[in-house]
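Note sheet for the following structure.
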Amino acid sequence: MLPSISVMVAAATLAAACALTVPSRGAAPPCGGSPLALPAPAATCLPADAAAPQPAGVIRTALARATSTDTVRATEQASKQTLGKPSVRIAIVDTGVTPLLALAANIKGGYDLVDGTPARDDGNGHGTAMASIAAARPGNRTGMTGVCSLCTIVPVQVVGNGGFGTTALATAGIRWAIADRVNVINVSLTSPTDDPSLDAAIEDAAAQGIVVVLAAGNDASTDPSTGGYPAAATPDAISVAGADASGHLFPWSNHGPWVQIAAPGALPALTLKGRVFSAAGTSASAAFVSGAVGLVLSANPLLTPAQVQSILLTTGTPVPGLDVQSGRMIDVQAAVAAAAAAAAA
């Protein structure tokens with residue numbers, strides 16, 4: 001039986017949460033994997049769901065309520081950068097991406113591995129939210145802009161509309177992105193089971209010059225078996241915890257020496273209807289870092305994944321007691337400046 005992988009829903013308000021798709025539990029996932037249902041976005045939306053017994057392999061998603069301060073400061077930090085370049089292509093390995101006004105011009109290519117067809121709309125909402133954090137374009141009537149707002153988005157759907165997926169399909173999606181020669185791969189998905197095939201695909205991506213960014217998971221744990229794979233098993237990727245504007249971890253974020261850096265964990269994102277909602281989770285944190293990597297590579301496209309990783313980890317803001325490998329919170333401005341300085345040297 002194939003290990004299962006979960007979408008970590010990023011939702012913080014009741015209105016936004018209830019707008020997201022909540023699947024029925026126990027339905028069969030694609031590709032014969034073990035059943036894995038997307039947890040209810042918020043206990044306030046479906047309180048019975050939070051208390052219901054979970055099928056084996058299900059990852060429960062810890063959610064936090066974003067504050068306006070968290071959202072505004074993170075957005076301001078990113079908006080001070082350049083807009084990035086379309087030559088930098090970010091693969092969103094997720095539930096697909098719907099071509100909203102804020103995203104359509106940035107979406108190029110992509111593939112739906114669930115149905116084996118060219119990329120189509122997102123029927124779940126998670127992938128669209130992640131794409132909007134990483135690369136929503138300015139002037140889109142929503143008031144929000146992605147971190148790398150001119151970067152290209154490549155949707156790679158590996159999780160179906162009902163929120164089901166397997167690590168085998170995630171592996172295939174990463175292999176597809178490698179063949180498509182993207183520059184960045186965002187994986188806001190987690191599993192409680194380490195799958196060596198998925199780990200190998202991620203390491204191969206890094207070896208071929210692609211920066212991979214992974215969410216650490218929302219289980220408030222230092223134990224990756226609660227839902228910290230593949231992040232805990234792939235040191236050549238960038239694993240991300242979720243923190244507030246002061247650099248303090250949100251209570252729901254996974255942490256520990258296998259997590260490399262912290263990033264904002266409460267951010268504005270777009271629903272399938274193009275409305276802004278406040279997204280909380282390491283899904284959002286990873287998408288933010290993927291956008292930041294897009295800016296870094298826009299400033300210096302010759303950087304290797306190891307160099308990008310080093311820049312992010314060394315230019316971040318030190319936070320006393322922050323339980324991640326670097327002890328730092330990402331500083332987008334400093335990372336882009338370091339990348340530009342290396343290009344000019």
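Residues are named by chain letter and number: chains run A, B, ... in the order of the structure tokens, numbers start at 1 in each chain, and ligands are numbered from 1 in the order shown.
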Contacts of region 95-143 of chain A with region 166-178 of chain A up to 10 Å, shortest pair per row, only C-alpha atoms, as JSON lines:
```
{"residue": "A:Gly110", "atom": "CA", "partner": "A:Ala177", "partner_atom": "CA", "distance": 8.4}
{"residue": "A:Tyr111", "atom": "CA", "partner": "A:Trp176", "partner_atom": "CA", "distance": 8.2}
{"residue": "A:Asp112", "atom": "CA", "partner": "A:Gly173", "partner_atom": "CA", "distance": 8.6}
{"residue": "A:Leu113", "atom": "CA", "partner": "A:Gly173", "partner_atom": "CA", "distance": 6.7}
{"residue": "A:Val114", "atom": "CA", "partner": "A:Leu169", "partner_atom": "CA", "distance": 7.7}
```
* Which neighbours of region 259-268 of chain A fall inside 6 Å, counting only C-alpha atoms, when residues of the same chain fewer than 3 positions from it are skipped, and could you give them as JSON, numbers by chain? -> {"A": [66, 71, 239, 240, 241, 242, 243, 244, 255, 256, 277, 278, 279, 280, 281, 282, 284, 285, 324, 325, 326, 328, 329, 330]}
* To do: Would you kindly return, as a PyMOL selection string, each protein, DNA or RNA residue with an atom no farther than 12 Å from any atom of Arg137 (chain A), considering only C-alpha atoms and excluding same-chain residues fewer than 4 positions away?
  => chain A and resi 79+83-86+99-107+131-133+141-153+270+291
Any chance you can output those residues with N, CA and C atoms as a JSON list (two decimals), in the first residue's frame?
```json
[["chain", "number", "residue", "atom", "x", "y", "z"],
["A", 79, "SER", "N", 6.85, 43.13, -0.60],
["A", 79, "SER", "CA", 6.54, 44.14, -1.61],
["A", 79, "SER", "C", 7.66, 45.13, -1.82],
["A", 83, "LEU", "N", 9.89, 42.88, -8.63],
["A", 83, "LEU", "CA", 8.74, 42.03, -8.93],
["A", 83, "LEU", "C", 9.14, 40.65, -9.42],
["A", 84, "GLY", "N", 10.44, 40.43, -9.62],
["A", 84, "GLY", "CA", 10.88, 39.15, -10.14],
["A", 84, "GLY", "C", 10.82, 39.12, -11.65],
["A", 85, "LYS", "N", 11.16, 37.98, -12.22],
["A", 85, "LYS", "CA", 11.21, 37.85, -13.67],
["A", 85, "LYS", "C", 10.44, 36.62, -14.14],
["A", 86, "PRO", "N", 9.74, 36.75, -15.29],
["A", 86, "PRO", "CA", 8.99, 35.62, -15.82],
["A", 86, "PRO", "C", 9.87, 34.42, -16.17],
["A", 99, "PRO", "N", -6.98, 29.79, -13.00],
["A", 99, "PRO", "CA", -6.45, 31.03, -13.59],
["A", 99, "PRO", "C", -7.29, 32.25, -13.25],
["A", 100, "LEU", "N", -7.23, 32.67, -12.03],
["A", 100, "LEU", "CA", -7.89, 33.90, -11.60],
["A", 100, "LEU", "C", -7.24, 35.10, -12.28],
["A", 101, "LEU", "N", -7.90, 36.25, -12.20],
["A", 101, "LEU", "CA", -7.34, 37.47, -12.78],
["A", 101, "LEU", "C", -5.93, 37.74, -12.26],
["A", 102, "ALA", "N", -5.72, 37.46, -10.98],
["A", 102, "ALA", "CA", -4.41, 37.74, -10.36],
["A", 102, "ALA", "C", -3.34, 36.73, -10.75],
["A", 103, "LEU", "N", -3.74, 35.62, -11.38],
["A", 103, "LEU", "CA", -2.80, 34.54, -11.66],
["A", 103, "LEU", "C", -2.67, 34.19, -13.14],
["A", 104, "ALA", "N", -3.71, 34.43, -13.91],
["A", 104, "ALA", "CA", -3.79, 33.90, -15.28],
["A", 104, "ALA", "C", -2.58, 34.26, -16.14],
["A", 105, "ALA", "N", -2.14, 35.51, -16.06],
["A", 105, "ALA", "CA", -1.03, 35.94, -16.92],
["A", 105, "ALA", "C", 0.29, 35.27, -16.54],
["A", 106, "ASN", "N", 0.38, 34.76, -15.32],
["A", 106, "ASN", "CA", 1.61, 34.12, -14.87],
["A", 106, "ASN", "C", 1.63, 32.61, -15.09],
["A", 107, "ILE", "N", 0.47, 32.02, -15.37],
["A", 107, "ILE", "CA", 0.39, 30.57, -15.51],
["A", 107, "ILE", "C", 0.83, 30.17, -16.92],
["A", 131, "ALA", "N", -0.33, 29.38, -4.95],
["A", 131, "ALA", "CA", 0.16, 30.13, -6.10],
["A", 131, "ALA", "C", -0.01, 31.62, -5.89],
["A", 132, "SER", "N", -1.11, 32.02, -5.27],
["A", 132, "SER", "CA", -1.34, 33.45, -5.06],
["A", 132, "SER", "C", -0.34, 34.04, -4.07],
["A", 133, "ILE", "N", 0.03, 33.29, -3.04],
["A", 133, "ILE", "CA", 1.04, 33.77, -2.10],
["A", 133, "ILE", "C", 2.39, 33.91, -2.80],
["A", 141, "ARG", "N", -7.08, 43.89, -8.60],
["A", 141, "ARG", "CA", -8.34, 44.28, -7.98],
["A", 141, "ARG", "C", -8.59, 43.63, -6.62],
["A", 142, "THR", "N", -7.62, 42.90, -6.11],
["A", 142, "THR", "CA", -7.82, 42.26, -4.81],
["A", 142, "THR", "C", -7.07, 42.98, -3.70],
["A", 143, "GLY", "N", -6.09, 43.78, -4.05],
["A", 143, "GLY", "CA", -5.28, 44.47, -3.05],
["A", 143, "GLY", "C", -4.12, 43.65, -2.55],
["A", 144, "MET", "N", -3.95, 42.42, -3.03],
["A", 144, "MET", "CA", -2.81, 41.62, -2.60],
["A", 144, "MET", "C", -1.90, 41.33, -3.79],
["A", 145, "THR", "N", -0.64, 41.15, -3.49],
["A", 145, "THR", "CA", 0.37, 40.84, -4.50],
["A", 145, "THR", "C", 1.23, 39.70, -3.98],
["A", 146, "GLY", "N", 1.58, 38.77, -4.85],
["A", 146, "GLY", "CA", 2.45, 37.68, -4.44],
["A", 146, "GLY", "C", 3.87, 38.14, -4.22],
["A", 147, "VAL", "N", 4.67, 37.29, -3.62],
["A", 147, "VAL", "CA", 6.05, 37.66, -3.29],
["A", 147, "VAL", "C", 6.85, 37.91, -4.56],
["A", 148, "CYS", "N", 6.78, 37.00, -5.51],
["A", 148, "CYS", "CA", 7.48, 37.17, -6.79],
["A", 148, "CYS", "C", 6.42, 37.33, -7.87],
["A", 149, "SER", "N", 5.90, 38.54, -7.99],
["A", 149, "SER", "CA", 4.65, 38.74, -8.72],
["A", 149, "SER", "C", 4.77, 38.64, -10.24],
["A", 150, "LEU", "N", 5.98, 38.59, -10.77],
["A", 150, "LEU", "CA", 6.13, 38.37, -12.21],
["A", 150, "LEU", "C", 6.72, 37.00, -12.52],
["A", 151, "CYS", "N", 6.96, 36.21, -11.50],
["A", 151, "CYS", "CA", 7.44, 34.86, -11.74],
["A", 151, "CYS", "C", 6.36, 34.02, -12.43],
["A", 152, "THR", "N", 6.79, 33.05, -13.19],
["A", 152, "THR", "CA", 5.87, 32.16, -13.89],
["A", 152, "THR", "C", 5.41, 31.03, -12.97],
["A", 153, "ILE", "N", 4.12, 30.71, -13.05],
["A", 153, "ILE", "CA", 3.54, 29.63, -12.25],
["A", 153, "ILE", "C", 3.31, 28.42, -13.16],
["A", 270, "LEU", "N", -5.68, 33.86, -2.01],
["A", 270, "LEU", "CA", -6.92, 33.97, -2.78],
["A", 270, "LEU", "C", -7.70, 32.67, -2.77],
["A", 291, "GLY", "N", 8.26, 32.01, -3.29],
["A", 291, "GLY", "CA", 8.27, 33.32, -3.92],
["A", 291, "GLY", "C", 9.57, 34.06, -3.68]]
```
* Spatial neighbours of Ala338 (chain A), 12 Å, only C-alpha atoms, chain gap at least 5 places, as a PyMOL selection string -> chain A and resi 295-297+299-300+303+307-316+331-333+343-345
Could those residues be written to a file, using C-alpha atoms, as a compact mmCIF listing (two decimals), in the first residue's frame?
```
# COMPACT_ATOMS: atom_id res chain seq x y z
CA LEU A 295 13.17 36.86 -6.30
CA VAL A 296 16.63 35.57 -5.38
CA LEU A 297 16.95 33.73 -8.69
CA ALA A 299 18.50 38.73 -9.04
CA ASN A 300 21.06 36.00 -9.73
CA LEU A 303 22.95 30.43 -8.12
CA GLN A 307 23.87 28.59 -2.71
CA VAL A 308 20.24 29.72 -2.54
CA GLN A 309 19.75 27.67 0.59
CA SER A 310 22.90 29.16 2.14
CA ILE A 311 21.82 32.72 1.32
CA LEU A 312 18.40 32.24 2.91
CA LEU A 313 19.81 30.60 6.04
CA THR A 314 22.61 33.11 6.59
CA THR A 315 20.74 36.33 5.80
CA GLY A 316 17.70 35.50 7.90
CA ASP A 331 14.58 38.17 5.52
CA VAL A 332 13.59 38.59 1.88
CA GLN A 333 15.28 41.95 1.42
CA ALA A 343 25.97 38.38 -9.21
CA ALA A 344 27.94 41.64 -9.32
CA ALA A 345 31.08 40.18 -7.78
```
* Using only C-alpha atoms, which residue out of A:Val154, A:Ala286, A:Ile185, A:Ala269 lies closest to Gly217 (chain A)? -> A:Ala286
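In this structure, CA of Trp252 (chain A) sits 5.7 Å away from CA of Asp219 (chain A).
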* Asked: Within 10 Å of Ala207 (chain A), counting only C-alpha atoms, which residues qualify if same-chain residues fewer than 4 places away don't, as a PyMOL selection string?
  -> chain A and resi 201-203+211+236+304-306
Those residues with C-alpha atoms, as a CSV table (one decimal), in the first residue's frame please?
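Output (part-v7.csv):
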```
chain,number,residue,atom,x,y,z
A,201,ALA,CA,12.9,12.7,-6.6
A,202,ILE,CA,13.4,15.8,-4.4
A,203,GLU,CA,17.2,15.2,-4.1
A,211,VAL,CA,15.4,24.7,-5.6
A,236,ASP,CA,19.0,19.5,0.1
A,304,THR,CA,22.8,26.7,-7.3
A,305,PRO,CA,20.2,25.3,-5.0
A,306,ALA,CA,22.9,24.9,-2.3
```
* List every residue of region 87-316 of chain A that DSSP, applied to the backbone of this structure, assigns to strand (DSSP E or B), and report them as a PyMOL selection string. => chain A and resi 89-94+107+111-112+117-118+152-157+166+184-187+189-191+211-215+229+238-243+249+256+261-264+266-270+276-280
* Could you tell me how far CA of Arg181 (chain A) lies from CA of Ala216 (chain A), in Å and to one decimal? => 24.7 Å
* **Distance of CA of Pro155 (chain A) from CA of Arg120 (chain A), expressed in Å to one decimal place** =>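 CA of Pro155 (chain A) lies 8.4 Å from CA of Arg120 (chain A).
The shortest atom-to-atom distance to Val97 (chain A), with only C-alpha atoms taken into account, belongs to A:Thr271 out of A:Gln208, A:Ser246, A:Thr82, A:Thr271.
The closest residue to Ala232 (chain A), picked from A:Ala205, A:Asp194, A:Ile210, A:Gly274 and counting only C-alpha atoms, is A:Asp194.
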* **DSSP helix (DSSP H, G or I) residues within region 147-293 of chain A, as a PyMOL selection string** => chain A and resi 167-179+196-207+224-226+231-233+282-293
* Rank A:Val293, A:Val184, A:Gly327, A:Ser197 by their smallest atom-to-atom distance to His248 (chain A), using only C-alpha atoms, and report the top residue only. =>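 Among the listed residues, the smallest separation from His248 (chain A) belongs to A:Gly327.
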* Asked: Residues at most 9 Å from Asp195 (chain A), counting only C-alpha atoms, excluding those fewer than 3 positions away in the same chain, as a VMD selection string?
  -> chain A and resid 2 to 3 167 to 168 191 198 to 200 229 to 230 233
Would you save the residues from that selection as a compact mmCIF listing (two decimals), in the first residue's frame, using N, CA and C atoms?
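What landed in out09.txt:
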```txt
# COMPACT_ATOMS: atom_id res chain seq x y z
N LEU A 2 0.54 2.20 -0.84
CA LEU A 2 1.36 3.40 -0.97
C LEU A 2 1.14 4.33 0.20
N PRO A 3 2.20 4.99 0.67
CA PRO A 3 2.01 6.00 1.72
C PRO A 3 1.13 7.11 1.20
N THR A 167 2.00 9.61 -2.02
CA THR A 167 3.38 10.03 -2.24
C THR A 167 3.87 9.58 -3.61
N ALA A 168 3.29 8.50 -4.13
CA ALA A 168 3.68 8.05 -5.48
C ALA A 168 3.32 9.10 -6.52
N SER A 191 3.37 14.10 4.75
CA SER A 191 2.99 12.72 5.03
C SER A 191 3.62 12.28 6.35
N LEU A 198 10.00 9.38 -3.08
CA LEU A 198 9.73 10.82 -3.06
C LEU A 198 10.99 11.58 -2.65
N ASP A 199 11.67 11.08 -1.63
CA ASP A 199 12.92 11.72 -1.20
C ASP A 199 13.92 11.78 -2.36
N ALA A 200 14.03 10.67 -3.10
CA ALA A 200 14.99 10.61 -4.21
C ALA A 200 14.64 11.61 -5.29
N TYR A 229 7.16 14.53 6.83
CA TYR A 229 7.84 14.08 5.62
C TYR A 229 7.13 14.67 4.39
N PRO A 230 7.88 14.93 3.33
CA PRO A 230 9.27 14.60 3.07
C PRO A 230 10.31 15.59 3.63
N ALA A 233 13.40 14.36 5.59
CA ALA A 233 14.30 13.37 4.97
C ALA A 233 15.05 13.91 3.76
```
